[in-house]
Amino acid sequence: MRTAGFLLLAGALSCNAETFMKESFDSKWDSRWADSSREGLGKFIRTAGKHFGDEEINQGIQTSQDAKFYGISRQMDKPFTNKGKSFVASFSVKHEQGIDCGGGYIKVLPKTAAADFTGDSKYWMMFGPDICGSTKKIHLIFGYKGRNLEWKKTPKAEDDKLTHVYTVVVNADNTYEVQVDGKKVEGGNLADDWDFLLPKEIDDPADKKPADWVDEAEIDDPEDKKPADWDSIPEQIVDPAAEKPEDWDEEDDGEWEAPMIPNPEYKGAWKAKRIPNPAYKGVWKPKQIPNPDFEDDADLYLMREPVETVGIDLWQVKSGTIFDSIILSDDLKEVEEYIAQTHGKTSAAEKEKFEAEEKAAADAAAEAAKASEGDDEDEE
């Protein structure tokens, strides 16, 4: 009976699950997405890229111009709030250009007109890979009470030329999990991994260090005395191995003097040995008092207002990144099924095609190099 009851509950929860946006970038994608009104932005184009597992399934939007900012957004199918339930966001990214410096993340934000969407627009979540030189990390930033909170953890982002799926789950118990290609790469508690809350206690600004506070941990040993002959040892001595050159002419060169060298017996300036200071009281710290600005929050996971817009706002030096298969839901199972129907169906074929293309390019380069060597020999 317990098993039957659990299955009935699971079925009820599944029936209540909602998906608020599912974007596959079909031929009508540009009727849903619109560019920001900022001047000089790069353009997105619809394509499956150079290598893919299924040309139709793998259609996405690609950054197409180098050294550009990009800003594009669309409205979700319905507003969403996560009170009392999970939030799941997932999308795929393919850096087929071999990205050197640029973002590959999305933003989830309150209702924002596409024309007004900029890097300064208030958002609830920014999530996805960011690569620049040796920095290759996954961003997960939360907008909370006017602050954008950086993740304390820095899991590595994928930096190859294949498609990868990034998924984040935020639960109503204030826990979270981040997955890449369906595998957990990080997780934990929101309170531990972001600075949502101010400290409960702060230094008392009225507390001052006493004038007689001793904060020197060690002192010179008053019993230690400098040896009487300490200063009789010179720092440098005449080099005993030096010899006057045979061609030295004192009339022209002056009186020869042997060079000086460091004295191996020189001990340096004398210092008394150090001993623990019996009057030392430790490092002074002001007393702690309750922080008047501290506000506890049992619902760190909660959006403060409904989200209705998804945007891509980033900079890329070398363009070519393809975004695809974006889904926002309150049900992880629904998201996993969508990933299985997209990336799951095409990733193996994409990798096989990519590796074949790479091998063909390497073989062609080797043949060209061999031919060039032959031409050089003929010229000789």
# chains A, B, ... in the order shown; residues from 1 in each chain; ligands from 1
call {"tool": "residues_around", "arguments": {"residues": "Ser36 in chain A", "least_positions_apart": "5", "cutoff": "7 Å", "atoms": "only C-alpha atoms", "output": "compact mmCIF listing (two decimals) with N, CA and C atoms, in the first residue's frame"}}
result
# COMPACT_ATOMS: atom_id res chain seq x y z
N GLY A 71 22.99 40.93 -27.85
CA GLY A 71 21.87 41.10 -26.94
C GLY A 71 20.57 40.74 -27.64
N ILE A 72 19.95 39.65 -27.21
CA ILE A 72 18.71 39.18 -27.84
C ILE A 72 17.87 38.51 -26.76
N ALA A 114 12.29 43.58 -25.34
CA ALA A 114 13.51 43.22 -26.04
C ALA A 114 14.38 44.44 -26.33
N ALA A 115 13.76 45.52 -26.74
CA ALA A 115 14.52 46.73 -27.07
C ALA A 115 15.27 47.28 -25.87
N ASP A 116 14.73 47.04 -24.67
CA ASP A 116 15.32 47.59 -23.45
C ASP A 116 16.30 46.63 -22.78
N PHE A 117 16.47 45.44 -23.34
CA PHE A 117 17.32 44.43 -22.71
C PHE A 117 18.79 44.79 -22.92
N THR A 118 19.50 45.00 -21.80
CA THR A 118 20.93 45.33 -21.86
C THR A 118 21.65 44.55 -20.76
call {"tool": "closest_atom_pairs", "arguments": {"of": "range 196-311 of chain A", "to": "range 145-153 of chain A", "cutoff": "12 Å", "atoms": "only C-alpha atoms", "output": "Markdown table"}}
result
| residue | atom | partner | partner_atom | distance |
| --- | --- | --- | --- | --- |
| A:Phe196 | CA | A:Leu149 | CA | 7.2 |
| A:Leu197 | CA | A:Lys145 | CA | 10.1 |
| A:Leu198 | CA | A:Lys145 | CA | 11.5 |
| A:Glu295 | CA | A:Lys145 | CA | 11.3 |
| A:Asp297 | CA | A:Lys145 | CA | 11.5 |
| A:Leu300 | CA | A:Lys145 | CA | 10.7 |
| A:Leu302 | CA | A:Lys145 | CA | 11.6 |
| A:Met303 | CA | A:Lys145 | CA | 10.4 |
| A:Arg304 | CA | A:Lys145 | CA | 8.4 |
| A:Glu305 | CA | A:Lys145 | CA | 11.1 |
call {"tool": "residues_around", "arguments": {"residues": "Lys353 in chain A", "least_positions_apart": "4", "cutoff": "8 Å", "atoms": "only C-alpha atoms", "output": "PyMOL selection string"}}
result
chain A and resi 51-53+349+357
call {"tool": "select_by_dssp", "arguments": {"residues": "range 120-331 of chain A", "states": "helix (DSSP H, G or I)", "output": "PDB file with N, CA, C and O atoms, in the first residue's frame"}}
result
ATOM      1  N   LEU A 190      22.306  26.759  -1.037  1.00  0.00           N
ATOM      2  CA  LEU A 190      22.412  28.137  -1.508  1.00  0.00           C
ATOM      3  C   LEU A 190      23.100  29.043  -0.490  1.00  0.00           C
ATOM      4  O   LEU A 190      23.928  29.879  -0.850  1.00  0.00           O
ATOM      5  N   ALA A 191      22.774  28.870   0.772  1.00  0.00           N
ATOM      6  CA  ALA A 191      23.346  29.738   1.808  1.00  0.00           C
ATOM      7  C   ALA A 191      24.851  29.554   1.937  1.00  0.00           C
ATOM      8  O   ALA A 191      25.567  30.496   2.287  1.00  0.00           O
ATOM      9  N   ASP A 192      25.324  28.339   1.644  1.00  0.00           N
ATOM     10  CA  ASP A 192      26.759  28.069   1.764  1.00  0.00           C
ATOM     11  C   ASP A 192      27.560  28.602   0.586  1.00  0.00           C
ATOM     12  O   ASP A 192      28.709  29.039   0.758  1.00  0.00           O
ATOM     13  N   ASP A 193      26.980  28.575  -0.600  1.00  0.00           N
ATOM     14  CA  ASP A 193      27.755  28.829  -1.819  1.00  0.00           C
ATOM     15  C   ASP A 193      27.539  30.207  -2.433  1.00  0.00           C
ATOM     16  O   ASP A 193      28.157  30.533  -3.453  1.00  0.00           O
ATOM     17  N   TRP A 230      82.072  40.054  18.287  1.00  0.00           N
ATOM     18  CA  TRP A 230      81.149  39.980  17.138  1.00  0.00           C
ATOM     19  C   TRP A 230      81.491  40.997  16.054  1.00  0.00           C
ATOM     20  O   TRP A 230      81.536  40.673  14.868  1.00  0.00           O
ATOM     21  N   ASP A 231      81.782  42.250  16.448  1.00  0.00           N
ATOM     22  CA  ASP A 231      82.014  43.305  15.455  1.00  0.00           C
ATOM     23  C   ASP A 231      83.425  43.306  14.903  1.00  0.00           C
ATOM     24  O   ASP A 231      83.747  44.128  14.037  1.00  0.00           O
ATOM     25  N   SER A 232      84.288  42.409  15.381  1.00  0.00           N
ATOM     26  CA  SER A 232      85.675  42.386  14.893  1.00  0.00           C
ATOM     27  C   SER A 232      85.808  41.639  13.577  1.00  0.00           C
ATOM     28  O   SER A 232      86.867  41.684  12.946  1.00  0.00           O
ATOM     29  N   GLU A 250     102.402  49.992 -12.814  1.00  0.00           N
ATOM     30  CA  GLU A 250     101.996  50.898 -11.744  1.00  0.00           C
ATOM     31  C   GLU A 250     102.058  52.355 -12.151  1.00  0.00           C
ATOM     32  O   GLU A 250     101.310  53.181 -11.610  1.00  0.00           O
ATOM     33  N   GLU A 251     102.975  52.671 -13.107  1.00  0.00           N
ATOM     34  CA  GLU A 251     103.043  54.064 -13.554  1.00  0.00           C
ATOM     35  C   GLU A 251     101.770  54.450 -14.299  1.00  0.00           C
ATOM     36  O   GLU A 251     101.260  55.554 -14.162  1.00  0.00           O
ATOM     37  N   ASP A 252     101.276  53.501 -15.111  1.00  0.00           N
ATOM     38  CA  ASP A 252     100.057  53.792 -15.890  1.00  0.00           C
ATOM     39  C   ASP A 252      98.777  53.417 -15.130  1.00  0.00           C
ATOM     40  O   ASP A 252      97.763  54.116 -15.207  1.00  0.00           O
ATOM     41  N   ASP A 253      98.844  52.305 -14.416  1.00  0.00           N
ATOM     42  CA  ASP A 253      97.617  51.775 -13.809  1.00  0.00           C
ATOM     43  C   ASP A 253      97.472  52.127 -12.338  1.00  0.00           C
ATOM     44  O   ASP A 253      96.409  51.898 -11.744  1.00  0.00           O
TER      45      ASP A 253
END
call {"tool": "residues_around", "arguments": {"residues": "Ala89 in chain A", "least_positions_apart": "3", "cutoff": "7 Å", "atoms": "only C-alpha atoms", "output": "PDB file with N, CA and C atoms, in the first residue's frame"}}
result
ATOM      1  N   THR A 167      22.645  22.327 -17.355  1.00  0.00           N
ATOM      2  CA  THR A 167      21.370  22.260 -16.643  1.00  0.00           C
ATOM      3  C   THR A 167      21.560  22.694 -15.195  1.00  0.00           C
ATOM      4  N   VAL A 168      20.642  23.501 -14.693  1.00  0.00           N
ATOM      5  CA  VAL A 168      20.665  23.899 -13.282  1.00  0.00           C
ATOM      6  C   VAL A 168      19.294  23.621 -12.682  1.00  0.00           C
ATOM      7  N   VAL A 169      19.314  23.096 -11.452  1.00  0.00           N
ATOM      8  CA  VAL A 169      18.086  22.826 -10.694  1.00  0.00           C
ATOM      9  C   VAL A 169      18.169  23.596  -9.385  1.00  0.00           C
ATOM     10  N   ILE A 327      15.099  25.065 -22.384  1.00  0.00           N
ATOM     11  CA  ILE A 327      13.855  24.661 -21.727  1.00  0.00           C
ATOM     12  C   ILE A 327      13.872  25.150 -20.294  1.00  0.00           C
ATOM     13  N   LEU A 328      12.744  25.715 -19.862  1.00  0.00           N
ATOM     14  CA  LEU A 328      12.547  26.165 -18.486  1.00  0.00           C
ATOM     15  C   LEU A 328      11.316  25.453 -17.949  1.00  0.00           C
ATOM     16  N   SER A 329      11.451  24.807 -16.793  1.00  0.00           N
ATOM     17  CA  SER A 329      10.358  24.002 -16.263  1.00  0.00           C
ATOM     18  C   SER A 329      10.466  23.921 -14.753  1.00  0.00           C
TER      19      SER A 329
END
call {"tool": "residues_around", "arguments": {"residues": "Lys122 in chain A", "least_positions_apart": "4", "cutoff": "8 Å", "atoms": "only C-alpha atoms", "output": "JSON, numbers by chain"}}
result
{"A": [109, 110, 143]}
call {"tool": "write_last_selection", "arguments": {"atoms": "all heavy atoms", "output": "tab-separated table (two decimals), in the first residue's frame"}}
result
chain	number	residue	atom	x	y	z
A	109	LEU	N	14.93	36.57	-16.42
A	109	LEU	CA	14.65	37.86	-15.79
A	109	LEU	C	13.17	38.21	-15.80
A	109	LEU	O	12.38	37.58	-16.52
A	109	LEU	CB	15.45	38.97	-16.46
A	109	LEU	CG	15.37	39.18	-17.97
A	109	LEU	CD1	15.82	40.60	-18.30
A	109	LEU	CD2	16.28	38.21	-18.75
A	110	PRO	N	12.78	39.19	-14.99
A	110	PRO	CA	11.39	39.66	-15.03
A	110	PRO	C	11.06	40.20	-16.42
A	110	PRO	O	11.94	40.41	-17.24
A	110	PRO	CB	11.37	40.77	-13.98
A	110	PRO	CG	12.54	40.52	-13.11
A	110	PRO	CD	13.59	39.91	-13.98
A	143	GLY	N	20.39	37.18	-8.88
A	143	GLY	CA	20.03	38.55	-8.52
A	143	GLY	C	19.19	38.51	-7.25
A	143	GLY	O	18.14	37.85	-7.22
call {"tool": "closest_residue", "arguments": {"among": "A:Ile312, A:Asn171, A:Ala113, A:Pro259", "to": "Asp331 in chain A", "atoms": "only C-alpha atoms"}}
result
A:Asn171
call {"tool": "select_by_dssp", "arguments": {"residues": "range 183-351 of chain A", "states": "strand (DSSP E)", "output": "VMD selection string"}}
result
chain A and resid 183 to 189 201 to 203 218 to 220 236 to 238 260 to 262 274 to 276 288 to 290 307 to 316 321 to 329
call {"tool": "write_last_selection", "arguments": {"atoms": "C-alpha atoms", "output": "mmCIF file, in the first residue's frame"}}
result
data_model
loop_
_atom_site.group_PDB
_atom_site.id
_atom_site.type_symbol
_atom_site.label_atom_id
_atom_site.label_comp_id
_atom_site.auth_asym_id
_atom_site.auth_seq_id
_atom_site.Cartn_x
_atom_site.Cartn_y
_atom_site.Cartn_z
ATOM 1 C CA LYS A 183 26.145 14.479 -15.089
ATOM 2 C CA LYS A 184 26.303 16.356 -11.799
ATOM 3 C CA VAL A 185 29.322 18.662 -11.588
ATOM 4 C CA GLU A 186 28.330 20.701 -8.525
ATOM 5 C CA GLY A 187 25.601 21.062 -5.937
ATOM 6 C CA GLY A 188 24.927 22.045 -2.378
ATOM 7 C CA ASN A 189 23.152 24.620 -0.282
ATOM 8 C CA GLU A 201 27.084 39.850 13.896
ATOM 9 C CA ILE A 202 29.477 42.709 13.143
ATOM 10 C CA ASP A 203 32.344 44.466 14.907
ATOM 11 C CA GLU A 218 57.661 38.139 20.727
ATOM 12 C CA ILE A 219 60.365 40.312 22.280
ATOM 13 C CA ASP A 220 64.157 40.364 22.369
ATOM 14 C CA GLN A 236 84.591 41.711 3.280
ATOM 15 C CA ILE A 237 88.161 40.499 3.046
ATOM 16 C CA VAL A 238 90.933 40.683 0.468
ATOM 17 C CA MET A 260 87.613 42.310 -1.973
ATOM 18 C CA ILE A 261 85.302 39.323 -1.566
ATOM 19 C CA PRO A 262 82.551 38.459 0.954
ATOM 20 C CA ARG A 274 63.428 36.312 20.214
ATOM 21 C CA ILE A 275 61.343 34.829 23.008
ATOM 22 C CA PRO A 276 57.579 34.750 23.687
ATOM 23 C CA GLN A 288 30.748 41.429 18.195
ATOM 24 C CA ILE A 289 27.270 42.902 18.290
ATOM 25 C CA PRO A 290 24.060 41.985 16.440
ATOM 26 C CA VAL A 307 10.137 35.803 -14.472
ATOM 27 C CA GLU A 308 8.880 36.214 -18.027
ATOM 28 C CA THR A 309 11.935 36.863 -20.215
ATOM 29 C CA VAL A 310 14.954 34.843 -21.339
ATOM 30 C CA GLY A 311 17.898 36.673 -22.849
ATOM 31 C CA ILE A 312 21.388 36.173 -24.220
ATOM 32 C CA ASP A 313 23.666 39.073 -23.325
ATOM 33 C CA LEU A 314 27.384 38.552 -23.855
ATOM 34 C CA TRP A 315 30.662 39.509 -25.538
ATOM 35 C CA GLN A 316 32.687 37.313 -27.895
ATOM 36 C CA THR A 321 28.867 29.791 -30.658
ATOM 37 C CA ILE A 322 25.521 28.060 -31.231
ATOM 38 C CA PHE A 323 22.735 28.157 -28.621
ATOM 39 C CA ASP A 324 19.956 25.592 -28.819
ATOM 40 C CA SER A 325 17.353 23.500 -26.961
ATOM 41 C CA ILE A 326 16.436 25.953 -24.203
ATOM 42 C CA ILE A 327 13.855 24.661 -21.727
ATOM 43 C CA LEU A 328 12.547 26.165 -18.486
ATOM 44 C CA SER A 329 10.358 24.002 -16.263
#
call {"tool": "residues_around", "arguments": {"residues": "Arg46 in chain A", "least_positions_apart": "6", "cutoff": "10 Å", "atoms": "only C-alpha atoms", "output": "list in words"}}
result
Phe25, Asp26, Ser27, Trp29, Asp30, Gln59, Gly60, Ile61, Gln62, Thr63, Ser64, Ile322, Phe323 and Asp324 of chain A
call {"tool": "residues_around", "arguments": {"residues": "Val283 in chain A", "least_positions_apart": "2", "cutoff": "12 Å", "atoms": "only C-alpha atoms", "output": "JSON, numbers by chain"}}
result
{"A": [209, 213, 214, 215, 216, 217, 280, 281, 285, 286]}
call {"tool": "write_last_selection", "arguments": {"atoms": "all heavy atoms", "output": "compact mmCIF listing (two decimals), in the first residue's frame"}}
result
# COMPACT_ATOMS: atom_id res chain seq x y z
N LYS A 209 40.50 49.54 20.94
CA LYS A 209 41.60 48.79 21.56
C LYS A 209 42.17 49.59 22.73
O LYS A 209 42.49 50.78 22.57
CB LYS A 209 42.69 48.52 20.52
CG LYS A 209 43.83 47.66 21.05
CD LYS A 209 44.78 47.20 19.96
CE LYS A 209 45.67 48.32 19.47
NZ LYS A 209 46.72 47.82 18.55
N TRP A 213 47.14 47.83 25.47
CA TRP A 213 47.06 46.48 24.89
C TRP A 213 48.41 46.10 24.28
O TRP A 213 48.99 46.86 23.52
CB TRP A 213 45.97 46.42 23.82
CG TRP A 213 45.73 45.03 23.30
CD1 TRP A 213 46.37 44.39 22.30
CD2 TRP A 213 44.77 44.10 23.79
NE1 TRP A 213 45.88 43.14 22.12
CE2 TRP A 213 44.88 42.92 23.03
CE3 TRP A 213 43.82 44.16 24.82
CZ2 TRP A 213 44.09 41.81 23.25
CZ3 TRP A 213 43.03 43.05 25.02
CH2 TRP A 213 43.16 41.88 24.25
N VAL A 214 48.91 44.94 24.65
CA VAL A 214 50.19 44.46 24.13
C VAL A 214 49.91 43.47 23.00
O VAL A 214 49.37 42.38 23.23
CB VAL A 214 51.03 43.78 25.24
CG1 VAL A 214 52.34 43.25 24.66
CG2 VAL A 214 51.29 44.76 26.38
N ASP A 215 50.26 43.86 21.76
CA ASP A 215 50.00 42.98 20.64
C ASP A 215 51.28 42.53 19.94
O ASP A 215 51.24 42.09 18.80
CB ASP A 215 49.04 43.64 19.64
CG ASP A 215 49.47 45.03 19.26
OD1 ASP A 215 50.62 45.40 19.53
OD2 ASP A 215 48.64 45.77 18.68
N GLU A 216 52.41 42.62 20.65
CA GLU A 216 53.67 42.11 20.13
C GLU A 216 53.87 40.70 20.70
O GLU A 216 54.05 40.53 21.91
CB GLU A 216 54.84 43.02 20.52
CG GLU A 216 56.14 42.63 19.86
CD GLU A 216 57.27 43.59 20.20
OE1 GLU A 216 57.08 44.43 21.11
OE2 GLU A 216 58.34 43.50 19.58
N ALA A 217 53.84 39.70 19.83
CA ALA A 217 53.87 38.31 20.27
C ALA A 217 55.24 37.91 20.81
O ALA A 217 55.33 37.04 21.68
CB ALA A 217 53.47 37.39 19.13
N TYR A 280 52.04 39.46 26.23
CA TYR A 280 51.23 39.42 25.00
C TYR A 280 49.80 38.97 25.31
O TYR A 280 49.57 37.99 25.99
CB TYR A 280 51.89 38.46 24.01
CG TYR A 280 51.13 38.26 22.72
CD1 TYR A 280 50.84 39.33 21.88
CD2 TYR A 280 50.72 36.97 22.33
CE1 TYR A 280 50.16 39.13 20.69
CE2 TYR A 280 50.05 36.77 21.14
CZ TYR A 280 49.77 37.86 20.32
OH TYR A 280 49.11 37.67 19.14
N LYS A 281 48.84 39.72 24.78
CA LYS A 281 47.43 39.43 25.03
C LYS A 281 46.72 38.83 23.81
O LYS A 281 45.52 38.58 23.85
CB LYS A 281 46.71 40.70 25.46
CG LYS A 281 47.21 41.28 26.78
CD LYS A 281 46.40 42.52 27.16
CE LYS A 281 46.86 43.09 28.50
NZ LYS A 281 46.07 44.29 28.88
N LYS A 285 40.63 42.14 18.90
CA LYS A 285 39.47 42.19 18.02
C LYS A 285 38.34 42.89 18.75
O LYS A 285 38.12 42.64 19.95
CB LYS A 285 39.02 40.78 17.64
CG LYS A 285 40.02 40.01 16.80
CD LYS A 285 39.47 38.62 16.47
CE LYS A 285 40.45 37.83 15.63
NZ LYS A 285 39.95 36.46 15.33
N PRO A 286 37.62 43.75 18.06
CA PRO A 286 36.47 44.39 18.72
C PRO A 286 35.41 43.34 19.04
O PRO A 286 35.31 42.31 18.37
CB PRO A 286 35.98 45.40 17.68
CG PRO A 286 36.48 44.88 16.38
CD PRO A 286 37.77 44.18 16.66
call {"tool": "closest_atom_pairs", "arguments": {"of": "range 153-197 of chain A", "to": "range 123-136 of chain A", "cutoff": "9 Å", "atoms": "only C-alpha atoms", "output": "JSON lines"}}
result
{"residue": "A:Thr154", "atom": "CA", "partner": "A:Lys136", "partner_atom": "CA", "distance": 8.5}
{"residue": "A:Pro155", "atom": "CA", "partner": "A:Lys136", "partner_atom": "CA", "distance": 8.2}
{"residue": "A:Lys156", "atom": "CA", "partner": "A:Lys136", "partner_atom": "CA", "distance": 5.5}
{"residue": "A:Ala157", "atom": "CA", "partner": "A:Lys136", "partner_atom": "CA", "distance": 5.2}
{"residue": "A:Glu158", "atom": "CA", "partner": "A:Lys136", "partner_atom": "CA", "distance": 7.6}
{"residue": "A:Asp159", "atom": "CA", "partner": "A:Lys136", "partner_atom": "CA", "distance": 7.4}
{"residue": "A:Tyr166", "atom": "CA", "partner": "A:Gly128", "partner_atom": "CA", "distance": 6.5}
{"residue": "A:Thr167", "atom": "CA", "partner": "A:Gly128", "partner_atom": "CA", "distance": 8.5}
{"residue": "A:Val168", "atom": "CA", "partner": "A:Phe127", "partner_atom": "CA", "distance": 7.9}
call {"tool": "atom_distance", "arguments": {"atom1": "CA of Arg38 in chain A", "atom2": "CA of Ser319 in chain A"}}
result
18.6 Å
